[in-house]
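Enquirer: Please read through the structure below; I'll follow up with questions.
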Amino acid sequence: MVDQVERAGQPEERHDAIEVLSHEDRRFPPPAAFAEQANVNDPAVYERAKADPEAFWAEQAENLTWFKKWDQVLDWDNAPFAKWFVGGKLNIAHNCLDRHVEAGKGNKVAFYWEGEPGDTRTITYSELLKEVCKVSNALKELDVVKGDRVVIYMPMIPELAVTLLACARIGAPHTVVFGGFSADAVRDRINDAQAEIVITADGGYRRGAPSALKPHVDEAIEGAPSIEKVLVVKRTGQDVPMTEGRDFWWDDVVGRQPEQHEPEEMDSEDLLYLLYTSGTTGKPKGIAHTTGGYMVGATYTHRAVFDIKDDDVYWCAADIGWVTGHTYICYAPLANCTTSVMYEGTPFYPEPDRWWDIIERYKVSILYCAPTAIRAHMKEGHQHATGHDLSALRLLGSVGEPINPEAWMWYHRYIGGERCPVVDTWWQTETGSIMISPLPGVTTTKPGSATFALPGIDADIVDDDGKSVPNGRAGYLVIRQPWPSMLRTLYGDPERYEETYWGKFENMYFAGDGAMRDEEGYFWLLGRVDDVMNVSGHRLSTTEIESALVSHDLVAEAAVVGQPDPLTGEAIFAFVILKNRAHPEDQAEFGKVLRDHVAKKISPIAKPKRVMFTPDLPKTRSGKIMRRLLRNIASGQTIGDTTTLADSGVVDLIQEASLSQSDDE
Ligand code: WT7
């Protein structure tokens with residue numbers, strides 16, 4: 001510990017928001033051939049954007065088709081309430097579809113869709129446009145008009161993307177509720193958005209079986225009096241009750257519509273969608289994204305970070321139910337006229353190689369997924385991937401959590417064949433599009449670092465007083481200037497918006513993450529500051545300790561939390577998932593091995609006091625570990641609210657696993 005403090009060359013009494021313990025020397029410059037062909041390969045772009053961010057963003061906005069050009073790039077007079085491309089008029093569905101068809105690209109494939117049972121559909125841009133027009137007309141028949149909020153609760157089927165686009169086309173803001181959420185979540189969102197219509201399906205396929213959605217909607221509506229109509233796609237064919245006069249089958253209503261529809265002229269600042277994220281307490285927050293700026297941020301980052309080319313086959317393996325899917329499955333790829341893969345189901349059905357099989361068959365060239373998925377594949381073993389021809393891949397991306405350096409290396413080696421740049425992209429539902437990420441043709445990457453803020457983004461790290469901290473020190477990640485795809489407010493609660501995001505530091509956006517910049521200015525995300533543990537006065541981030549655990553050859557995944565401790569304030573409690581091939585004879589003994597491994601890898605102060613082996617971890621549906629639940633388990637408290645938990649059986653599994661903890665104190 002003394003050693004750590006001395007190495008940083010700081011006086012011992014300093015009180016950092018978070019301490020930094022780890023160090024990474026591996027670096028990966030962009031392969032020359034990649035850099036040469038990259039959409040962005042001139043590092044001068046950073047300086048250019050910094051010198052005049054508004055001019056930079058205006059230049060990116062030129063890539064969209066506007067019915068009327070904006071009068072003003074940014075209006076920030078009423079900060080933190082931003083307006084971008086003020087006075088501009090456009091329609092997003094028109095940008096995603098009509099203009100490509102008009103440009104002669106109607107026969108280009110928009111989606112190669114694959115259902116979990118193995119059924120497939122190939123949808124071209126002109127087919128997608130026709131379908132979107134029909135649904136736009138259907139919504140009109142169902143009395144949905146510009147400004148009405150539409151709640152969407154669907155599996156990952158093409159009709160989901162079609163519905164988003166139809167909403168955008170008629171100017172009805174959508175709010176997608178992830179298909180894995182409960183009736184309660186649907187009800188809360190309907191009520192907050194005061195929606196009059198829900199669009200759903202009978203069910204969807206997950207883990208090899210049909211799972212029902214429509215009954216959840218029926219249950220939700222019991223406490224959601226604003227709903228007047230329900231439109232239901234037939235996906236699984238399972239029996240679902242239909243209420244006469246309220247519920248309509250998609251095929252009936254959409255089937256009879258004309259294939260033409262004039263897109264609504266939307267204002268740049270018209271609401272495009274609401275997406276709810278669970279706050280730490282109470283009521284979910286309705287993150288509000290508008291039209292012009294969101295689209296500019298989405299399309300620019302998609303082109304720059306994923307280096308999208310006309311012949312790429314791009315696969316963002318997220319769900320449209322969360323922001324990654326909104327921005328990087330639906331809006332940005334379509335606006336950039338990309339061919340995408342869309343997959344309905346779970347990664348390991350029917351076999352652990354499902355993903356790699358998809359990549360081989362569709363010749364996927366760009367893959368974007370979450371560290372949680374990468375670690376789950378590591379757990380199964382790389383043999384499932386290396387048995388497939390993944391040679392079409394040329395770029396890999398990661399999002400959602402800090403990617404542990406060992407997971408990054410595994411991804412790079414076994415999936416990317418050591419030839420594909422890896423882009424670790426940091427952003428949030430609130431930011432709308434990627435904020436911190438390598439530019440694959442410019443940036444030398446380091447495993448585990450999201451590297452640098454993108455051109456036009458002004459990110460910094462500050463201490464408790466809001467002062468920038470020097471390189472090598474950790475603190476709070478903030479954004480100092482507005483950016484086009486930023487959230488505009490929290491729906492119906494502007495005060496909460498101001499207070500939550502702009503209230504901690506003056507004139508800075510702060511949304512909860514800790515981070516540090518190393519000596520070369522690379523950003524390292526350190527997890528949520530709410531998760532920081534205080535051990536004997538040392539403020540430790542979860543990320544580094546988890547990465548140290550994952551760096552052990554037999555560990556697939558780890559989550560650490562603070563547990564109240566009479567001696568040290570908090571003690572580190574580690575939950576560990578082992579790889580399938582690991583079969584330690586003596587778990588208590590192996591727990592000690594791991595504890596020592598962490599001590600050696602980063603520092604004795606980071607050594608977990610307890611290690612619990614568990615078959616699974618509680619995660620949200622977007623793959624984030626729910627450390628709050630783990631803290632409660634570790635401190636023996638009641639579990640509390642589990643509504644956003646992906647699989648509620650996990651908590652029982654972990655509680656059963658508690659007997660095998662190793663505790664040699
Ligand atoms: C939070 C936002 C952005 C779409 C997916 C999640 C964490 C996200 C990274 C990354 C480290 C990351 C942060 C952030 N996060 N990407 N590359 N490295 N942390 O959206 O559900 O709004 O979550 O996810 O903690 O604040 P979200």
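Naming scheme: A, B, ... for chains in displayed order of the structure tokens; residues 1 onward per chain; ligands 1 onward as shown.
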So that I can check the secondary structure, give me every residue of segment 176-271 of chain A assigned helix (DSSP H, G or I) by backbone DSSP, as a short mmCIF file (atom, residue, chain, number, x, y, z; two decimals) with all heavy atoms, in the first residue's frame.
Expert:
data_model
loop_
_atom_site.label_atom_id
_atom_site.label_comp_id
_atom_site.auth_asym_id
_atom_site.auth_seq_id
_atom_site.Cartn_x
_atom_site.Cartn_y
_atom_site.Cartn_z
N ALA A 183 -44.61 -7.29 -16.42
CA ALA A 183 -45.80 -6.46 -16.60
C ALA A 183 -45.68 -5.14 -15.82
O ALA A 183 -46.12 -4.09 -16.29
CB ALA A 183 -47.03 -7.23 -16.14
N ASP A 184 -45.07 -5.20 -14.64
CA ASP A 184 -44.92 -3.97 -13.83
C ASP A 184 -44.14 -2.90 -14.58
O ASP A 184 -44.51 -1.72 -14.56
CB ASP A 184 -44.15 -4.27 -12.54
CG ASP A 184 -44.99 -5.08 -11.57
OD1 ASP A 184 -46.20 -5.23 -11.83
OD2 ASP A 184 -44.42 -5.57 -10.57
N ALA A 185 -43.06 -3.34 -15.22
CA ALA A 185 -42.23 -2.38 -15.95
C ALA A 185 -43.02 -1.77 -17.10
O ALA A 185 -42.94 -0.57 -17.37
CB ALA A 185 -40.96 -3.06 -16.48
N VAL A 186 -43.80 -2.60 -17.77
CA VAL A 186 -44.62 -2.10 -18.88
C VAL A 186 -45.62 -1.07 -18.34
O VAL A 186 -45.77 0.02 -18.90
CB VAL A 186 -45.37 -3.25 -19.59
CG1 VAL A 186 -46.22 -2.71 -20.74
CG2 VAL A 186 -44.40 -4.31 -20.10
N ARG A 187 -46.27 -1.42 -17.24
CA ARG A 187 -47.28 -0.53 -16.67
C ARG A 187 -46.67 0.82 -16.27
O ARG A 187 -47.19 1.88 -16.62
CB ARG A 187 -47.93 -1.18 -15.45
CG ARG A 187 -49.04 -0.35 -14.85
CD ARG A 187 -49.57 -0.93 -13.54
NE ARG A 187 -49.98 -2.30 -13.70
CZ ARG A 187 -49.45 -3.34 -13.04
NH1 ARG A 187 -48.47 -3.15 -12.17
NH2 ARG A 187 -49.86 -4.57 -13.25
N ASP A 188 -45.54 0.78 -15.56
CA ASP A 188 -44.90 2.04 -15.12
C ASP A 188 -44.59 2.95 -16.30
O ASP A 188 -44.76 4.17 -16.23
CB ASP A 188 -43.57 1.75 -14.41
CG ASP A 188 -43.81 1.10 -13.05
OD1 ASP A 188 -44.97 1.09 -12.60
OD2 ASP A 188 -42.81 0.61 -12.47
N ARG A 189 -44.09 2.35 -17.38
CA ARG A 189 -43.69 3.15 -18.52
C ARG A 189 -44.90 3.70 -19.28
O ARG A 189 -44.89 4.84 -19.73
CB ARG A 189 -42.75 2.34 -19.42
CG ARG A 189 -41.35 2.24 -18.79
CD ARG A 189 -40.63 0.97 -19.18
NE ARG A 189 -39.30 0.86 -18.59
CZ ARG A 189 -39.02 0.54 -17.33
NH1 ARG A 189 -40.01 0.33 -16.46
NH2 ARG A 189 -37.77 0.45 -16.90
N ILE A 190 -45.94 2.87 -19.39
CA ILE A 190 -47.18 3.38 -20.03
C ILE A 190 -47.68 4.59 -19.23
O ILE A 190 -48.02 5.63 -19.79
CB ILE A 190 -48.29 2.31 -20.05
CG1 ILE A 190 -47.92 1.14 -20.96
CG2 ILE A 190 -49.62 2.93 -20.50
CD1 ILE A 190 -48.89 -0.05 -20.88
N ASN A 191 -47.70 4.43 -17.94
CA ASN A 191 -48.27 5.50 -17.11
C ASN A 191 -47.42 6.76 -17.14
O ASN A 191 -47.95 7.86 -17.24
CB ASN A 191 -48.47 5.01 -15.67
CG ASN A 191 -49.65 4.05 -15.56
OD1 ASN A 191 -50.57 4.11 -16.38
ND2 ASN A 191 -49.62 3.17 -14.58
N ASP A 192 -46.12 6.59 -17.09
CA ASP A 192 -45.27 7.78 -17.12
C ASP A 192 -45.38 8.49 -18.47
O ASP A 192 -45.43 9.71 -18.53
CB ASP A 192 -43.81 7.43 -16.82
CG ASP A 192 -42.99 8.67 -16.51
OD1 ASP A 192 -43.13 9.19 -15.38
OD2 ASP A 192 -42.25 9.15 -17.40
N ALA A 193 -45.44 7.70 -19.54
CA ALA A 193 -45.51 8.29 -20.89
C ALA A 193 -46.94 8.65 -21.28
O ALA A 193 -47.15 9.31 -22.29
CB ALA A 193 -44.91 7.32 -21.91
N LYS A 214 -47.81 -11.02 -24.74
CA LYS A 214 -49.13 -10.40 -24.72
C LYS A 214 -49.81 -10.49 -23.34
O LYS A 214 -50.39 -9.48 -22.88
CB LYS A 214 -50.00 -11.02 -25.83
CG LYS A 214 -51.47 -10.62 -25.85
CD LYS A 214 -51.67 -9.15 -26.20
CE LYS A 214 -53.11 -8.80 -26.54
NZ LYS A 214 -54.11 -9.13 -25.53
N PRO A 215 -49.77 -11.64 -22.66
CA PRO A 215 -50.40 -11.69 -21.32
C PRO A 215 -49.82 -10.65 -20.36
O PRO A 215 -50.54 -10.12 -19.51
CB PRO A 215 -50.11 -13.11 -20.83
CG PRO A 215 -49.91 -13.90 -22.09
CD PRO A 215 -49.27 -12.96 -23.07
N HIS A 216 -48.51 -10.33 -20.50
CA HIS A 216 -47.93 -9.28 -19.64
C HIS A 216 -48.55 -7.93 -19.95
O HIS A 216 -48.76 -7.10 -19.06
CB HIS A 216 -46.42 -9.20 -19.84
CG HIS A 216 -45.69 -10.43 -19.40
ND1 HIS A 216 -44.36 -10.62 -19.64
CD2 HIS A 216 -46.11 -11.52 -18.74
CE1 HIS A 216 -43.99 -11.80 -19.15
NE2 HIS A 216 -45.05 -12.37 -18.60
N VAL A 217 -48.80 -7.71 -21.23
CA VAL A 217 -49.42 -6.44 -21.62
C VAL A 217 -50.83 -6.35 -21.01
O VAL A 217 -51.21 -5.33 -20.45
CB VAL A 217 -49.48 -6.30 -23.15
CG1 VAL A 217 -50.31 -5.10 -23.58
CG2 VAL A 217 -48.06 -6.19 -23.72
N ASP A 218 -51.57 -7.45 -21.11
CA ASP A 218 -52.93 -7.46 -20.52
C ASP A 218 -52.87 -7.12 -19.04
O ASP A 218 -53.66 -6.33 -18.53
CB ASP A 218 -53.59 -8.83 -20.72
CG ASP A 218 -53.87 -9.11 -22.19
OD1 ASP A 218 -54.00 -8.14 -22.97
OD2 ASP A 218 -53.95 -10.30 -22.57
N GLU A 219 -51.91 -7.73 -18.36
CA GLU A 219 -51.76 -7.49 -16.92
C GLU A 219 -51.40 -6.03 -16.66
O GLU A 219 -51.95 -5.38 -15.77
CB GLU A 219 -50.68 -8.43 -16.38
CG GLU A 219 -50.67 -8.56 -14.88
CD GLU A 219 -49.45 -9.38 -14.42
OE1 GLU A 219 -49.02 -10.32 -15.14
OE2 GLU A 219 -48.93 -9.04 -13.34
N ALA A 220 -50.48 -5.52 -17.49
CA ALA A 220 -50.04 -4.12 -17.31
C ALA A 220 -51.20 -3.16 -17.49
O ALA A 220 -51.35 -2.19 -16.73
CB ALA A 220 -48.93 -3.80 -18.31
N ILE A 221 -52.03 -3.44 -18.48
CA ILE A 221 -53.10 -2.50 -18.81
C ILE A 221 -54.14 -2.40 -17.70
O ILE A 221 -54.79 -1.36 -17.53
CB ILE A 221 -53.77 -2.90 -20.16
CG1 ILE A 221 -52.78 -2.68 -21.30
CG2 ILE A 221 -55.04 -2.10 -20.41
CD1 ILE A 221 -53.29 -3.12 -22.65
N GLU A 222 -54.24 -3.45 -16.88
CA GLU A 222 -55.17 -3.37 -15.75
C GLU A 222 -54.91 -2.15 -14.89
O GLU A 222 -55.82 -1.59 -14.30
CB GLU A 222 -55.08 -4.64 -14.90
CG GLU A 222 -55.84 -5.79 -15.53
CD GLU A 222 -55.56 -7.12 -14.84
OE1 GLU A 222 -55.25 -7.10 -13.64
OE2 GLU A 222 -55.63 -8.16 -15.54
N TRP A 250 -51.75 -7.56 -35.96
CA TRP A 250 -50.89 -6.83 -36.90
C TRP A 250 -51.23 -7.17 -38.36
O TRP A 250 -51.43 -6.30 -39.19
CB TRP A 250 -49.44 -7.19 -36.55
CG TRP A 250 -48.36 -6.72 -37.46
CD1 TRP A 250 -48.05 -7.21 -38.69
CD2 TRP A 250 -47.41 -5.67 -37.19
NE1 TRP A 250 -46.96 -6.55 -39.21
CE2 TRP A 250 -46.54 -5.61 -38.31
CE3 TRP A 250 -47.19 -4.80 -36.12
CZ2 TRP A 250 -45.48 -4.71 -38.37
CZ3 TRP A 250 -46.12 -3.91 -36.19
CH2 TRP A 250 -45.29 -3.85 -37.29
N ASP A 251 -51.30 -8.47 -38.64
CA ASP A 251 -51.52 -8.89 -40.03
C ASP A 251 -52.83 -8.34 -40.59
O ASP A 251 -52.89 -7.97 -41.77
CB ASP A 251 -51.51 -10.42 -40.16
CG ASP A 251 -50.09 -10.96 -40.04
OD1 ASP A 251 -49.13 -10.16 -40.16
OD2 ASP A 251 -49.94 -12.17 -39.81
N ASP A 252 -53.85 -8.28 -39.74
CA ASP A 252 -55.14 -7.75 -40.21
C ASP A 252 -55.02 -6.27 -40.54
O ASP A 252 -55.40 -5.83 -41.62
CB ASP A 252 -56.23 -7.92 -39.14
CG ASP A 252 -56.53 -9.39 -38.90
OD1 ASP A 252 -56.15 -10.22 -39.76
OD2 ASP A 252 -57.13 -9.71 -37.85
N VAL A 253 -54.52 -5.52 -39.61
CA VAL A 253 -54.52 -4.06 -39.77
C VAL A 253 -53.43 -3.61 -40.76
O VAL A 253 -53.69 -2.79 -41.64
CB VAL A 253 -54.33 -3.34 -38.41
CG1 VAL A 253 -54.45 -1.83 -38.58
CG2 VAL A 253 -55.34 -3.85 -37.40
N VAL A 254 -52.24 -4.14 -40.61
CA VAL A 254 -51.14 -3.72 -41.48
C VAL A 254 -51.36 -4.27 -42.89
O VAL A 254 -51.09 -3.59 -43.88
CB VAL A 254 -49.77 -4.18 -40.90
CG1 VAL A 254 -48.63 -3.85 -41.87
CG2 VAL A 254 -49.52 -3.53 -39.54
N GLY A 255 -51.88 -5.48 -42.94
CA GLY A 255 -52.06 -6.16 -44.22
C GLY A 255 -52.88 -5.38 -45.23
O GLY A 255 -52.64 -5.46 -46.43
#
Enquirer: May I have all residues of segment 264-343 of chain A that DSSP, computed from the backbone, assigns to strand (DSSP E or B), given as a list in words?
Expert: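 Restricting segment 264-343 of chain A to strand (DSSP E or B) produces Met266, Asp267, Leu271, Leu272, Tyr273, Leu274, Leu275, Tyr276, Thr277, Lys285, Gly286, Ile287, Ala288, His289, Thr290, Val313, Tyr314, Trp315, Cys316, Thr339, Ser340, Val341, Met342 and Tyr343 of chain A.
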Enquirer: Mind writing the picked residues with N, CA and C atoms as a PDB file, in the first residue's frame?
Expert:
ATOM      1  N   MET A 266     -40.512  16.708 -39.428  1.00  0.00           N
ATOM      2  CA  MET A 266     -40.285  16.874 -37.991  1.00  0.00           C
ATOM      3  C   MET A 266     -39.286  17.994 -37.728  1.00  0.00           C
ATOM      4  N   ASP A 267     -39.488  18.661 -36.598  1.00  0.00           N
ATOM      5  CA  ASP A 267     -38.520  19.665 -36.191  1.00  0.00           C
ATOM      6  C   ASP A 267     -37.311  18.950 -35.590  1.00  0.00           C
ATOM      7  N   LEU A 271     -39.441  15.401 -30.132  1.00  0.00           N
ATOM      8  CA  LEU A 271     -39.107  14.184 -29.392  1.00  0.00           C
ATOM      9  C   LEU A 271     -39.101  12.976 -30.335  1.00  0.00           C
ATOM     10  N   LEU A 272     -37.997  12.222 -30.334  1.00  0.00           N
ATOM     11  CA  LEU A 272     -37.938  10.994 -31.137  1.00  0.00           C
ATOM     12  C   LEU A 272     -38.328   9.787 -30.292  1.00  0.00           C
ATOM     13  N   TYR A 273     -37.722   9.708 -29.100  1.00  0.00           N
ATOM     14  CA  TYR A 273     -38.103   8.589 -28.230  1.00  0.00           C
ATOM     15  C   TYR A 273     -37.793   8.854 -26.772  1.00  0.00           C
ATOM     16  N   LEU A 274     -38.447   8.056 -25.957  1.00  0.00           N
ATOM     17  CA  LEU A 274     -38.135   7.989 -24.544  1.00  0.00           C
ATOM     18  C   LEU A 274     -37.584   6.599 -24.293  1.00  0.00           C
ATOM     19  N   LEU A 275     -36.557   6.535 -23.482  1.00  0.00           N
ATOM     20  CA  LEU A 275     -36.075   5.224 -23.071  1.00  0.00           C
ATOM     21  C   LEU A 275     -35.843   5.300 -21.569  1.00  0.00           C
ATOM     22  N   TYR A 276     -36.483   4.389 -20.863  1.00  0.00           N
ATOM     23  CA  TYR A 276     -36.435   4.460 -19.404  1.00  0.00           C
ATOM     24  C   TYR A 276     -35.243   3.700 -18.859  1.00  0.00           C
ATOM     25  N   THR A 277     -34.529   4.336 -17.945  1.00  0.00           N
ATOM     26  CA  THR A 277     -33.472   3.622 -17.228  1.00  0.00           C
ATOM     27  C   THR A 277     -33.832   3.666 -15.764  1.00  0.00           C
ATOM     28  N   LYS A 285     -36.337   6.687 -14.923  1.00  0.00           N
ATOM     29  CA  LYS A 285     -36.168   7.989 -15.568  1.00  0.00           C
ATOM     30  C   LYS A 285     -36.434   7.858 -17.057  1.00  0.00           C
ATOM     31  N   GLY A 286     -37.280   8.704 -17.579  1.00  0.00           N
ATOM     32  CA  GLY A 286     -37.584   8.685 -19.017  1.00  0.00           C
ATOM     33  C   GLY A 286     -36.601   9.564 -19.763  1.00  0.00           C
ATOM     34  N   ILE A 287     -35.536   8.942 -20.271  1.00  0.00           N
ATOM     35  CA  ILE A 287     -34.508   9.693 -20.993  1.00  0.00           C
ATOM     36  C   ILE A 287     -35.102  10.146 -22.330  1.00  0.00           C
ATOM     37  N   ALA A 288     -35.056  11.455 -22.574  1.00  0.00           N
ATOM     38  CA  ALA A 288     -35.700  12.009 -23.772  1.00  0.00           C
ATOM     39  C   ALA A 288     -34.658  12.342 -24.840  1.00  0.00           C
ATOM     40  N   HIS A 289     -34.803  11.698 -25.998  1.00  0.00           N
ATOM     41  CA  HIS A 289     -33.940  12.020 -27.143  1.00  0.00           C
ATOM     42  C   HIS A 289     -34.766  12.665 -28.247  1.00  0.00           C
ATOM     43  N   THR A 290     -34.192  13.674 -28.866  1.00  0.00           N
ATOM     44  CA  THR A 290     -34.890  14.380 -29.938  1.00  0.00           C
ATOM     45  C   THR A 290     -34.313  13.970 -31.303  1.00  0.00           C
ATOM     46  N   VAL A 313     -20.854  -6.394 -43.559  1.00  0.00           N
ATOM     47  CA  VAL A 313     -21.993  -7.034 -42.897  1.00  0.00           C
ATOM     48  C   VAL A 313     -21.764  -6.815 -41.410  1.00  0.00           C
ATOM     49  N   TYR A 314     -22.629  -6.010 -40.843  1.00  0.00           N
ATOM     50  CA  TYR A 314     -22.404  -5.491 -39.497  1.00  0.00           C
ATOM     51  C   TYR A 314     -23.386  -6.164 -38.548  1.00  0.00           C
ATOM     52  N   TRP A 315     -22.886  -6.551 -37.389  1.00  0.00           N
ATOM     53  CA  TRP A 315     -23.792  -7.184 -36.424  1.00  0.00           C
ATOM     54  C   TRP A 315     -23.603  -6.568 -35.037  1.00  0.00           C
ATOM     55  N   CYS A 316     -24.613  -5.877 -34.596  1.00  0.00           N
ATOM     56  CA  CYS A 316     -24.648  -5.400 -33.217  1.00  0.00           C
ATOM     57  C   CYS A 316     -25.518  -6.392 -32.463  1.00  0.00           C
ATOM     58  N   THR A 339     -25.731  -2.982 -44.267  1.00  0.00           N
ATOM     59  CA  THR A 339     -26.340  -4.313 -44.175  1.00  0.00           C
ATOM     60  C   THR A 339     -26.036  -4.879 -42.791  1.00  0.00           C
ATOM     61  N   SER A 340     -27.102  -5.225 -42.057  1.00  0.00           N
ATOM     62  CA  SER A 340     -26.929  -5.722 -40.686  1.00  0.00           C
ATOM     63  C   SER A 340     -27.463  -7.134 -40.534  1.00  0.00           C
ATOM     64  N   VAL A 341     -26.918  -7.803 -39.526  1.00  0.00           N
ATOM     65  CA  VAL A 341     -27.510  -9.048 -39.043  1.00  0.00           C
ATOM     66  C   VAL A 341     -28.327  -8.692 -37.801  1.00  0.00           C
ATOM     67  N   MET A 342     -29.497  -9.306 -37.689  1.00  0.00           N
ATOM     68  CA  MET A 342     -30.300  -9.128 -36.471  1.00  0.00           C
ATOM     69  C   MET A 342     -30.691 -10.521 -36.006  1.00  0.00           C
ATOM     70  N   TYR A 343     -30.458 -10.805 -34.736  1.00  0.00           N
ATOM     71  CA  TYR A 343     -30.686 -12.156 -34.217  1.00  0.00           C
ATOM     72  C   TYR A 343     -31.630 -12.106 -33.023  1.00  0.00           C
TER      73      TYR A 343
END
Enquirer: Against ligand 1, which residues of chain A fall within 9 Å? For each one I want the closest pair of atoms and the distance in Å (one decimal), counting only C-alpha atoms and all ligand atoms, rows by chain and increasing residue number, as a tab-separated table.
Expert:
residue	atom	partner	partner_atom_place_in_ligand_line	distance
A:Thr277	CA	ligand 1	22 (O)	6.9
A:Ser278	CA	ligand 1	21 (O)	8.9
A:Trp322	CA	ligand 1	21 (O)	7.1
A:Val323	CA	ligand 1	4 (C)	5.7
A:Thr324	CA	ligand 1	4 (C)	4.9
A:Gly325	CA	ligand 1	4 (C)	8.5
A:Ala370	CA	ligand 1	5 (C)	8.2
A:Pro371	CA	ligand 1	17 (N)	8.6
A:Ser398	CA	ligand 1	17 (N)	6.3
A:Val399	CA	ligand 1	16 (N)	4.4
A:Gly400	CA	ligand 1	8 (C)	3.5
A:Glu401	CA	ligand 1	12 (C)	3.6
A:Pro402	CA	ligand 1	11 (C)	3.3
A:Ile403	CA	ligand 1	18 (N)	6.2
A:Val423	CA	ligand 1	17 (N)	8.6
A:Asp424	CA	ligand 1	17 (N)	5.0
A:Thr425	CA	ligand 1	17 (N)	4.2
A:Trp426	CA	ligand 1	17 (N)	3.5
A:Trp427	CA	ligand 1	3 (C)	4.1
A:Gln428	CA	ligand 1	3 (C)	3.7
A:Thr429	CA	ligand 1	22 (O)	3.6
A:Glu430	CA	ligand 1	22 (O)	6.2
A:Thr431	CA	ligand 1	3 (C)	7.7
A:Gly432	CA	ligand 1	3 (C)	7.7
A:Ser433	CA	ligand 1	3 (C)	7.3
A:Ile434	CA	ligand 1	3 (C)	7.1
A:Ile436	CA	ligand 1	17 (N)	7.7
A:Ser437	CA	ligand 1	17 (N)	7.6
A:Gly448	CA	ligand 1	18 (N)	8.1
A:Ser449	CA	ligand 1	18 (N)	7.8
A:Ala450	CA	ligand 1	17 (N)	6.0
A:Ala511	CA	ligand 1	26 (O)	6.3
A:Gly512	CA	ligand 1	26 (O)	6.1
A:Asp513	CA	ligand 1	25 (O)	5.4
A:Gly514	CA	ligand 1	25 (O)	8.2
A:Ala515	CA	ligand 1	11 (C)	8.9
A:Trp524	CA	ligand 1	11 (C)	7.8
A:Leu525	CA	ligand 1	11 (C)	4.9
A:Leu526	CA	ligand 1	11 (C)	6.9
A:Gly527	CA	ligand 1	25 (O)	5.3
A:Arg528	CA	ligand 1	25 (O)	5.3
A:Val529	CA	ligand 1	25 (O)	8.8
A:Thr543	CA	ligand 1	11 (C)	8.8
A:Thr620	CA	ligand 1	21 (O)	8.9
A:Ser622	CA	ligand 1	21 (O)	6.6
A:Gly623	CA	ligand 1	21 (O)	8.8
A:Lys624	CA	ligand 1	24 (O)	7.6
Enquirer: Which residues of segment 154-230 of chain A come within 12 Å of segment 108-111 of chain A, and what is each one's closest atom pair and distance in Å (one decimal), counting only C-alpha atoms, sorted by chain and residue number, as a tab-separated table?
Expert:
residue	atom	partner	partner_atom	distance
A:Ile157	CA	A:Phe111	CA	10.6
A:Pro158	CA	A:Phe111	CA	8.1
A:Glu159	CA	A:Phe111	CA	11.5
A:Ala161	CA	A:Phe111	CA	9.9
A:Val162	CA	A:Phe111	CA	11.1
Enquirer: If you count only C-alpha atoms, which residues fall within 9 Å of segment 377-380 of chain A, apart from same-chain ones fewer than 3 positions away, as a ChimeraX atom specification?
Expert: /A:347-348,352-353,372-374,383-385,407,410-411,554-557,577-581
Enquirer: Would you work out the distance separating atom CA of Gln481 of chain A from atom CA of Val86 of chain A, expressed in Å to one decimal?
Expert: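 Distance between the two atoms: 17.3 Å.
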Enquirer: I'd like to know which of A:His382, A:Arg394, A:Arg235, A:Lys504 is closest to Val364 of chain A, using only C-alpha atoms.
Expert: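 Among the listed residues, the smallest separation from Val364 of chain A belongs to A:Arg394.
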Enquirer: For Ala453 of chain A, which of A:Ala35, A:Ile199, A:Ile479, A:Ala606 is the closest residue, counting only C-alpha atoms?
Expert: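 Once distances to Ala453 of chain A are computed over only C-alpha atoms, the minimum belongs to A:Ile479.
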Enquirer: List the spatial neighbours of Glu499 of chain A as a ChimeraX atom specification - criterion: any atom at most 12 Å away, only C-alpha atoms, same-chain residues fewer than 2 positions off excluded.
Expert: /A:80,489-490,493-497,501-511
Enquirer: One decimal, in Å: what's the spacing between atom CA of Met612 of chain A and atom CA of Gly591 of chain A?
Expert: 7.6 Å
Enquirer: Env of Pro258 of chain A: 9 Å cut, atoms = only C-alpha atoms, seq-sep filter 6 positions within chain, self excluded. Answer as a ChimeraX atom specification.
Expert: /A:130,133-134,137
Enquirer: Using only C-alpha atoms, which residue out of A:Gly237, A:Gly321, A:Pro566, A:Pro263 lies closest to Ala168 of chain A?
Expert: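 Among the listed residues, A:Pro263 lies closest to Ala168 of chain A.
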Enquirer: Nearest to Thr451 of chain A among A:Ser468, A:Val422, A:Thr338, A:Val550, with distances taken over only C-alpha atoms: which residue is it?
Expert: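 Looking at the shortest contact to Thr451 of chain A, the residue is A:Val422.
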Enquirer: Skipping near chain neighbours, those fewer than 5 positions away, what residues fall within 9 Å of Thr443 of chain A using only C-alpha atoms, listed as a count of residues only?
Expert: 9
Enquirer: Can you list, as a VMD selection string, every protein, DNA or RNA residue that comes within 9 Å of Pro53 of chain A when you count only C-alpha atoms, leaving out same-chain residues fewer than 5 positions away?
Expert: chain A and resid 48 58 455 to 457 483
Enquirer: Check the smallest atom-to-atom distance from each of A:Cys167, A:Met486, A:Val150, A:Ala574 to Val135 of chain A using only C-alpha atoms, then report the winner.
Expert: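 Closest residue, counting only C-alpha atoms: A:Cys167.
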